[in-house]
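Novice: To start, I am sharing the structure in question, which I have written as structure tokens.
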Amino acid sequence: MAEELIVAQGGKTEKYEVLYRQIVALVEGESDDIACMANMAAMIHSTFHFWWTGFYRVVGEELVLSPFQGDLACSRIKYGRGVCGTAWKMQATQVVEDVEQFPGHIACSSLSRSEIVVPVWRGGEIMAVLDIDSEHLATFDEVDKLWLERIVKLFDR
């Protein structure tokens, strides 16, 4: 089913294919996570023009705001709270069609309507999450999930 969806979403898939190759070339040989996060966030954001694109790093029992593109954001998110904290706790990507329907959603911006949060793994542990918000409902789907998970796997080196 995922393969059929990817074919049906050809334009988006093609953008992700090009973006992925560009990100691989850019981060190859770069050992600094913050530098990689900054460039990845900028490239994803400029390719798809999402409302907010960025990372939160795991620091103790909180997620701490890291490189991002977009409006102001929450600086810290506790384990298990909101979509980001839930992705960390559940150890799984969260695709939320309508953030108003997500129990405990943290509204950093009232303009955010849908969200995807992808855990970033390294050595069997989550080191960060990639958080992307859209000002439109139901923006994210299996195509986004597949490609964003592939992109963040570049950190598991």
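Following the order of the structure tokens, chains are lettered A, B, ..., residues in each are numbered from 1, and ligands are numbered from 1.
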Please provide the set of residues having any atom within 8 Å of Ile126 in chain A, restricted to only C-alpha atoms, with same-chain residues fewer than 6 positions apart removed, written as a ChimeraX atom specification.
Specialist: /A:58,88,91,119-120
Novice: Pull the strand (DSSP E) assignments for range 79-147 of chain A out of DSSP run on the backbone, and list those residues as a ChimeraX atom specification.
Specialist: /A:94-96,114-122,125-134
Novice: Excluding range 100-106 of chain A and any residue of its chain fewer than 4 positions from it, enumerate the residues within 10 Å of it, using only C-alpha atoms, and give them as a list of chain:residue names.
Specialist: A:Cys74, A:Ile77, A:Gly80, A:Arg81, A:Gly82, A:Val83, A:Cys84, A:Gly85, A:Thr86, A:Val96, A:Ser110, A:Ser112, A:Arg113, A:Ser114, A:Leu137
Novice: Quick one: everything within 12 Å of range 11-21 of chain A, counting only C-alpha atoms, minus sequence neighbours fewer than 6 positions away in the same chain. Send it as number ranges by chain.
Specialist: A: 2-5, 27-28, 39-48, 139-154
Novice: Ranking A:Phe50, A:Ala87, A:Val59, A:Val24 by minimum distance to Ile132 in chain A and counting only C-alpha atoms, which one comes first?
Specialist: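 For Ile132 in chain A, the nearest of the given residues is A:Phe50.
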Novice: Between CA of Asp133 in chain A and CA of Ala107 in chain A, what is the distance in Å, rounded to a tenth?
Specialist: 10.7 Å
Novice: Which residue is closest to Leu72 in chain A? Choose from A:Val95, A:Cys108, A:Met90, A:Leu130 and count only C-alpha atoms.
Specialist: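 Checking each of A:Val95, A:Cys108, A:Met90, A:Leu130 against Leu72 in chain A, counting only C-alpha atoms, the winner is A:Cys108.
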Novice: With DSSP run on the backbone, what are the alpha helix (DSSP H) residues within range 17-99 of chain A? I'd like them as JSON, numbers by chain.
Specialist: {"A": [17, 18, 19, 20, 21, 22, 23, 24, 25, 26, 27, 33, 34, 35, 36, 37, 38, 39, 40, 41, 42, 43, 44, 45, 46, 47, 48, 82, 83, 84, 85, 86, 87, 88, 89, 90]}
Novice: For the residues in that selection, give me N, CA, C and O atoms as a short mmCIF file (atom, residue, chain, number, x, y, z; two decimals), in the first residue's frame.
Specialist:
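Generated output (again.cif):
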data_model
loop_
_atom_site.label_atom_id
_atom_site.label_comp_id
_atom_site.auth_asym_id
_atom_site.auth_seq_id
_atom_site.Cartn_x
_atom_site.Cartn_y
_atom_site.Cartn_z
N GLU A 17 13.06 12.88 -3.26
CA GLU A 17 14.23 12.20 -3.84
C GLU A 17 15.37 13.17 -4.07
O GLU A 17 16.52 12.90 -3.73
N VAL A 18 15.06 14.31 -4.66
CA VAL A 18 16.09 15.34 -4.92
C VAL A 18 16.61 15.89 -3.59
O VAL A 18 17.83 16.01 -3.40
N LEU A 19 15.70 16.20 -2.68
CA LEU A 19 16.09 16.73 -1.37
C LEU A 19 17.01 15.76 -0.64
O LEU A 19 18.04 16.17 -0.08
N TYR A 20 16.66 14.49 -0.65
CA TYR A 20 17.47 13.49 0.05
C TYR A 20 18.90 13.46 -0.50
O TYR A 20 19.86 13.47 0.26
N ARG A 21 19.02 13.44 -1.81
CA ARG A 21 20.37 13.43 -2.41
C ARG A 21 21.15 14.68 -2.03
O ARG A 21 22.34 14.62 -1.75
N GLN A 22 20.49 15.83 -2.00
CA GLN A 22 21.16 17.07 -1.62
C GLN A 22 21.60 17.04 -0.16
O GLN A 22 22.70 17.46 0.16
N ILE A 23 20.74 16.54 0.71
CA ILE A 23 21.08 16.46 2.14
C ILE A 23 22.25 15.50 2.35
O ILE A 23 23.18 15.81 3.10
N VAL A 24 22.21 14.35 1.70
CA VAL A 24 23.32 13.39 1.82
C VAL A 24 24.63 14.06 1.43
O VAL A 24 25.63 13.97 2.14
N ALA A 25 24.64 14.77 0.32
CA ALA A 25 25.86 15.43 -0.15
C ALA A 25 26.32 16.51 0.82
O ALA A 25 27.52 16.68 1.06
N LEU A 26 25.38 17.22 1.41
CA LEU A 26 25.71 18.33 2.30
C LEU A 26 26.26 17.86 3.64
O LEU A 26 27.20 18.44 4.17
N VAL A 27 25.68 16.81 4.20
CA VAL A 27 26.09 16.38 5.54
C VAL A 27 27.20 15.33 5.52
O VAL A 27 27.77 15.03 6.57
N ASP A 33 26.44 17.59 14.90
CA ASP A 33 25.00 17.38 14.79
C ASP A 33 24.24 18.68 14.59
O ASP A 33 23.28 18.73 13.82
N ILE A 34 24.63 19.74 15.30
CA ILE A 34 23.91 21.02 15.19
C ILE A 34 24.02 21.57 13.78
O ILE A 34 23.04 22.06 13.21
N ALA A 35 25.21 21.49 13.18
CA ALA A 35 25.39 21.96 11.81
C ALA A 35 24.50 21.16 10.86
O ALA A 35 23.85 21.73 9.96
N CYS A 36 24.46 19.85 11.04
CA CYS A 36 23.62 19.01 10.19
C CYS A 36 22.14 19.34 10.38
O CYS A 36 21.39 19.46 9.41
N MET A 37 21.71 19.50 11.64
CA MET A 37 20.31 19.84 11.91
C MET A 37 19.94 21.18 11.28
O MET A 37 18.86 21.32 10.71
N ALA A 38 20.82 22.15 11.38
CA ALA A 38 20.55 23.48 10.84
C ALA A 38 20.33 23.41 9.33
O ALA A 38 19.35 23.96 8.80
N ASN A 39 21.22 22.74 8.63
CA ASN A 39 21.09 22.65 7.18
C ASN A 39 19.91 21.79 6.76
O ASN A 39 19.20 22.11 5.81
N MET A 40 19.67 20.69 7.48
CA MET A 40 18.52 19.84 7.14
C MET A 40 17.22 20.62 7.31
O MET A 40 16.33 20.57 6.45
N ALA A 41 17.07 21.31 8.44
CA ALA A 41 15.85 22.09 8.69
C ALA A 41 15.65 23.13 7.60
O ALA A 41 14.54 23.30 7.08
N ALA A 42 16.71 23.83 7.24
CA ALA A 42 16.61 24.86 6.20
C ALA A 42 16.22 24.26 4.86
O ALA A 42 15.37 24.81 4.14
N MET A 43 16.81 23.13 4.51
CA MET A 43 16.54 22.52 3.21
C MET A 43 15.12 21.96 3.12
O MET A 43 14.44 22.14 2.11
N ILE A 44 14.66 21.30 4.18
CA ILE A 44 13.29 20.77 4.19
C ILE A 44 12.30 21.92 4.12
O ILE A 44 11.34 21.90 3.34
N HIS A 45 12.56 22.94 4.93
CA HIS A 45 11.66 24.09 5.01
C HIS A 45 11.56 24.81 3.67
O HIS A 45 10.46 25.14 3.21
N SER A 46 12.69 25.05 3.03
CA SER A 46 12.66 25.79 1.77
C SER A 46 12.12 24.95 0.61
O SER A 46 11.55 25.49 -0.33
N THR A 47 12.25 23.64 0.70
CA THR A 47 11.71 22.77 -0.36
C THR A 47 10.19 22.70 -0.31
O THR A 47 9.52 22.79 -1.34
N PHE A 48 9.63 22.57 0.89
CA PHE A 48 8.19 22.34 1.02
C PHE A 48 7.41 23.53 1.57
O PHE A 48 6.19 23.50 1.58
N GLY A 82 2.79 16.68 24.55
CA GLY A 82 2.59 17.16 23.19
C GLY A 82 2.95 16.11 22.15
O GLY A 82 3.22 14.95 22.47
N VAL A 83 2.96 16.51 20.91
CA VAL A 83 3.26 15.58 19.83
C VAL A 83 4.73 15.18 19.87
O VAL A 83 5.07 14.00 19.70
N CYS A 84 5.61 16.15 20.14
CA CYS A 84 7.04 15.85 20.19
C CYS A 84 7.38 14.89 21.32
O CYS A 84 8.08 13.89 21.12
N GLY A 85 6.90 15.20 22.51
CA GLY A 85 7.16 14.35 23.66
C GLY A 85 6.54 12.96 23.52
O GLY A 85 7.09 11.97 24.00
N THR A 86 5.41 12.90 22.82
CA THR A 86 4.76 11.61 22.57
C THR A 86 5.58 10.77 21.59
O THR A 86 5.75 9.56 21.80
N ALA A 87 6.10 11.40 20.54
CA ALA A 87 6.94 10.67 19.58
C ALA A 87 8.16 10.09 20.29
O ALA A 87 8.57 8.95 20.03
N TRP A 88 8.73 10.87 21.20
CA TRP A 88 9.89 10.41 21.98
C TRP A 88 9.49 9.23 22.87
O TRP A 88 10.15 8.19 22.88
N LYS A 89 8.39 9.38 23.59
CA LYS A 89 7.94 8.33 24.52
C LYS A 89 7.53 7.06 23.78
O LYS A 89 7.88 5.95 24.18
N MET A 90 6.78 7.20 22.70
CA MET A 90 6.28 6.05 21.95
C MET A 90 7.35 5.46 21.02
O MET A 90 7.16 4.38 20.48
#
